[in-house]
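Data block below; observations after.
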Amino acid sequence: VQLQASGGGLVQAGGSLRLSCAASGGFFSNYDMGWFRQAPGKEREFVAAISRNANTTYYADSMKGRSTISRDNAKNTVYLQMNSLKYEDAAVYYCAARWFTGTMTAAQAMDNNKYSYWGQGTQVTVSS
């Protein structure tokens, strides 16, 4: 499956952005989806994840209450709505997909090694 992330940009602190990730080349509804981010000089970190049927979502503590992950399986797209953005949210945001027949656990959702497919990333810049 191929993933194309979009929606990044420059936003003032306190503002909002909605990232999108369009999938192609596979059965999108078979994949759990995740968002990760990587700032310069830092390791890639988990942001949010959603199960195949959208029944389960997980968020990094830093994003709880400020972000919402959702998906539209008819459009083969996963979204990340981010509100009240902070300077430290600036990073390249990546979407990722994992195929697994079992139920996604929190530990699996947060482990970037469990994802087989990655998009190219979209830059989010937050001005103070």
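Identifiers in this document derive from the order of the structure tokens: chains are assigned A, B, ..., residues are numbered from 1 separately in each chain, and ligands are numbered from 1 in order of occurrence.
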
9 Å contact set for Met110 (chain A), only C-alpha atoms, chain neighbours under 2 positions out, as a short mmCIF file (atom, residue, chain, number, x, y, z; two decimals) with C-alpha atoms, in the first residue's frame:
```cif
data_model
loop_
_atom_site.label_atom_id
_atom_site.label_comp_id
_atom_site.auth_asym_id
_atom_site.auth_seq_id
_atom_site.Cartn_x
_atom_site.Cartn_y
_atom_site.Cartn_z
CA GLY A 34 -0.90 5.53 12.78
CA PHE A 36 4.16 9.61 13.99
CA GLU A 45 7.67 9.43 18.12
CA PHE A 46 4.13 8.15 18.22
CA VAL A 47 1.26 10.62 17.88
CA ALA A 48 -1.96 8.67 17.37
CA ALA A 49 -3.36 5.44 15.95
CA TYR A 58 -4.73 5.66 20.92
CA TYR A 59 -2.97 8.95 21.53
CA ALA A 60 0.37 10.04 22.86
CA THR A 105 -3.00 -3.01 21.50
CA ALA A 106 -1.64 0.25 22.81
CA ALA A 107 1.89 -1.13 22.84
CA GLN A 108 1.59 -2.21 19.21
CA ASN A 112 6.88 2.21 14.87
CA ASN A 113 8.50 -1.15 14.13
CA LYS A 114 5.03 -2.69 13.89
#
```

message = Would you pick out the contacts of Thr122 (chain A) at 12 Å or less, using only C-alpha atoms, so that residues sharing its chain but fewer than 5 positions from it are not included, and give the list as an MDAnalysis selection string?
response = chainID A and resid 3:10 17:21 35:39 80 90:95

Same residues, C-alpha atoms, saved as a tab-separated table (two decimals), in the first residue's frame:
```
chain	number	residue	atom	x	y	z
A	3	LEU	CA	0.59	6.41	1.54
A	4	GLN	CA	0.51	10.12	0.72
A	5	ALA	CA	0.40	12.57	3.60
A	6	SER	CA	-0.70	16.17	3.18
A	7	GLY	CA	-2.09	19.11	5.10
A	8	GLY	CA	1.01	20.35	6.85
A	9	GLY	CA	2.02	23.97	6.86
A	10	LEU	CA	2.82	27.01	8.95
A	17	LEU	CA	-4.30	21.86	11.31
A	18	ARG	CA	-5.87	18.79	9.79
A	19	LEU	CA	-3.49	16.30	8.26
A	20	SER	CA	-4.67	13.77	5.71
A	21	CYS	CA	-3.15	10.54	4.53
A	35	TRP	CA	0.61	8.99	12.82
A	36	PHE	CA	4.16	9.61	13.99
A	37	ARG	CA	6.31	12.71	14.01
A	38	GLN	CA	9.97	13.53	13.98
A	39	ALA	CA	11.55	16.83	14.90
A	80	LEU	CA	-5.34	13.84	12.17
A	90	ALA	CA	6.58	21.29	15.03
A	91	ALA	CA	7.91	18.26	13.17
A	92	VAL	CA	7.57	16.20	10.05
A	93	TYR	CA	4.43	14.11	10.47
A	94	TYR	CA	4.29	10.65	8.96
A	95	CYS	CA	1.37	8.34	8.44
```

message = My list of candidates is A:Ser24, A:Gln12, A:Thr101, A:Asn83. Which is closest to Lys64 (chain A) when distances are computed with only C-alpha atoms?
response = A:Asn83

request  = Excluding Phe28 (chain A) and any residue of its chain fewer than 2 positions from it, enumerate the residues within 9 Å of it, using only C-alpha atoms, and give them as a list in words.
outcome  = Val1, Ala23, Ser24, Gly25, Gly26, Asn30, Tyr31, Asp32, Arg52, Asn73, Ala74, Lys75, Asn76, Thr77 and Ala97 of chain A

Go ahead and write the residues just picked, N, CA, C and O atoms, as a PDB file, in the first residue's frame.
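Resulting contents of again_20.pdb:
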```
ATOM      1  N   VAL A   1       0.839  -1.177   0.000  1.00  0.00           N
ATOM      2  CA  VAL A   1       0.000   0.000   0.000  1.00  0.00           C
ATOM      3  C   VAL A   1       0.883   1.240   0.000  1.00  0.00           C
ATOM      4  O   VAL A   1       1.929   1.267   0.642  1.00  0.00           O
ATOM      5  N   ALA A  23      -4.427   6.574   1.030  1.00  0.00           N
ATOM      6  CA  ALA A  23      -3.818   5.279   0.746  1.00  0.00           C
ATOM      7  C   ALA A  23      -4.268   4.774  -0.612  1.00  0.00           C
ATOM      8  O   ALA A  23      -5.396   5.026  -1.047  1.00  0.00           O
ATOM      9  N   SER A  24      -3.383   4.042  -1.251  1.00  0.00           N
ATOM     10  CA  SER A  24      -3.718   3.430  -2.533  1.00  0.00           C
ATOM     11  C   SER A  24      -2.969   2.114  -2.663  1.00  0.00           C
ATOM     12  O   SER A  24      -1.960   1.890  -1.985  1.00  0.00           O
ATOM     13  N   GLY A  25      -3.465   1.271  -3.509  1.00  0.00           N
ATOM     14  CA  GLY A  25      -2.766   0.031  -3.807  1.00  0.00           C
ATOM     15  C   GLY A  25      -3.014  -1.104  -2.854  1.00  0.00           C
ATOM     16  O   GLY A  25      -2.317  -2.111  -2.909  1.00  0.00           O
ATOM     17  N   GLY A  26      -3.982  -0.969  -1.976  1.00  0.00           N
ATOM     18  CA  GLY A  26      -4.269  -2.051  -1.040  1.00  0.00           C
ATOM     19  C   GLY A  26      -5.674  -1.927  -0.502  1.00  0.00           C
ATOM     20  O   GLY A  26      -6.391  -0.979  -0.825  1.00  0.00           O
ATOM     21  N   ASN A  30      -8.247  -2.980   5.755  1.00  0.00           N
ATOM     22  CA  ASN A  30      -7.538  -4.076   6.411  1.00  0.00           C
ATOM     23  C   ASN A  30      -6.380  -3.601   7.281  1.00  0.00           C
ATOM     24  O   ASN A  30      -5.743  -4.408   7.963  1.00  0.00           O
ATOM     25  N   TYR A  31      -6.101  -2.300   7.267  1.00  0.00           N
ATOM     26  CA  TYR A  31      -4.915  -1.775   7.928  1.00  0.00           C
ATOM     27  C   TYR A  31      -5.269  -0.899   9.123  1.00  0.00           C
ATOM     28  O   TYR A  31      -6.133  -0.023   9.041  1.00  0.00           O
ATOM     29  N   ASP A  32      -4.557  -1.142  10.219  1.00  0.00           N
ATOM     30  CA  ASP A  32      -4.532  -0.162  11.291  1.00  0.00           C
ATOM     31  C   ASP A  32      -3.637   0.987  10.831  1.00  0.00           C
ATOM     32  O   ASP A  32      -2.650   0.767  10.122  1.00  0.00           O
ATOM     33  N   ARG A  52      -8.486  -0.748  12.391  1.00  0.00           N
ATOM     34  CA  ARG A  52      -9.046  -0.936  11.062  1.00  0.00           C
ATOM     35  C   ARG A  52     -10.501  -0.500  10.969  1.00  0.00           C
ATOM     36  O   ARG A  52     -10.905   0.132   9.984  1.00  0.00           O
ATOM     37  N   ASN A  73     -12.966   4.906   5.497  1.00  0.00           N
ATOM     38  CA  ASN A  73     -12.554   3.752   4.690  1.00  0.00           C
ATOM     39  C   ASN A  73     -13.091   3.812   3.265  1.00  0.00           C
ATOM     40  O   ASN A  73     -12.502   3.235   2.353  1.00  0.00           O
ATOM     41  N   ALA A  74     -14.181   4.515   3.075  1.00  0.00           N
ATOM     42  CA  ALA A  74     -14.719   4.660   1.709  1.00  0.00           C
ATOM     43  C   ALA A  74     -13.804   5.542   0.858  1.00  0.00           C
ATOM     44  O   ALA A  74     -13.761   5.403  -0.365  1.00  0.00           O
ATOM     45  N   LYS A  75     -13.077   6.447   1.519  1.00  0.00           N
ATOM     46  CA  LYS A  75     -12.167   7.349   0.807  1.00  0.00           C
ATOM     47  C   LYS A  75     -10.712   6.932   0.947  1.00  0.00           C
ATOM     48  O   LYS A  75      -9.815   7.647   0.485  1.00  0.00           O
ATOM     49  N   ASN A  76     -10.471   5.814   1.640  1.00  0.00           N
ATOM     50  CA  ASN A  76      -9.097   5.333   1.829  1.00  0.00           C
ATOM     51  C   ASN A  76      -8.210   6.400   2.456  1.00  0.00           C
ATOM     52  O   ASN A  76      -7.045   6.584   2.053  1.00  0.00           O
ATOM     53  N   THR A  77      -8.744   7.096   3.431  1.00  0.00           N
ATOM     54  CA  THR A  77      -8.025   8.224   4.005  1.00  0.00           C
ATOM     55  C   THR A  77      -8.119   8.208   5.528  1.00  0.00           C
ATOM     56  O   THR A  77      -9.178   7.905   6.085  1.00  0.00           O
ATOM     57  N   ALA A  97       0.987   2.456   8.107  1.00  0.00           N
ATOM     58  CA  ALA A  97      -0.036   1.409   8.068  1.00  0.00           C
ATOM     59  C   ALA A  97       0.539   0.077   8.534  1.00  0.00           C
ATOM     60  O   ALA A  97       1.704  -0.240   8.263  1.00  0.00           O
TER      61      ALA A  97
END
```

Residue set, chain A restricted to alpha helix (DSSP H), as a PDB file with N, CA, C and O atoms, in the first residue's frame:
```pdb
ATOM      1  N   ALA A 106      -2.297  -1.042  22.676  1.00  0.00           N
ATOM      2  CA  ALA A 106      -1.635   0.251  22.806  1.00  0.00           C
ATOM      3  C   ALA A 106      -0.145   0.117  22.524  1.00  0.00           C
ATOM      4  O   ALA A 106       0.456   0.955  21.845  1.00  0.00           O
ATOM      5  N   ALA A 107       0.451  -0.930  23.046  1.00  0.00           N
ATOM      6  CA  ALA A 107       1.885  -1.132  22.837  1.00  0.00           C
ATOM      7  C   ALA A 107       2.207  -1.293  21.355  1.00  0.00           C
ATOM      8  O   ALA A 107       3.210  -0.765  20.861  1.00  0.00           O
ATOM      9  N   GLN A 108       1.380  -2.023  20.652  1.00  0.00           N
ATOM     10  CA  GLN A 108       1.588  -2.210  19.214  1.00  0.00           C
ATOM     11  C   GLN A 108       1.378  -0.902  18.457  1.00  0.00           C
ATOM     12  O   GLN A 108       2.116  -0.573  17.535  1.00  0.00           O
ATOM     13  N   ALA A 109       0.351  -0.162  18.860  1.00  0.00           N
ATOM     14  CA  ALA A 109       0.039   1.094  18.179  1.00  0.00           C
ATOM     15  C   ALA A 109       1.206   2.071  18.271  1.00  0.00           C
ATOM     16  O   ALA A 109       1.484   2.821  17.325  1.00  0.00           O
ATOM     17  N   MET A 110       1.894   2.072  19.390  1.00  0.00           N
ATOM     18  CA  MET A 110       2.941   3.048  19.637  1.00  0.00           C
ATOM     19  C   MET A 110       4.309   2.624  19.126  1.00  0.00           C
ATOM     20  O   MET A 110       5.249   3.411  19.153  1.00  0.00           O
TER      21      MET A 110
END
```
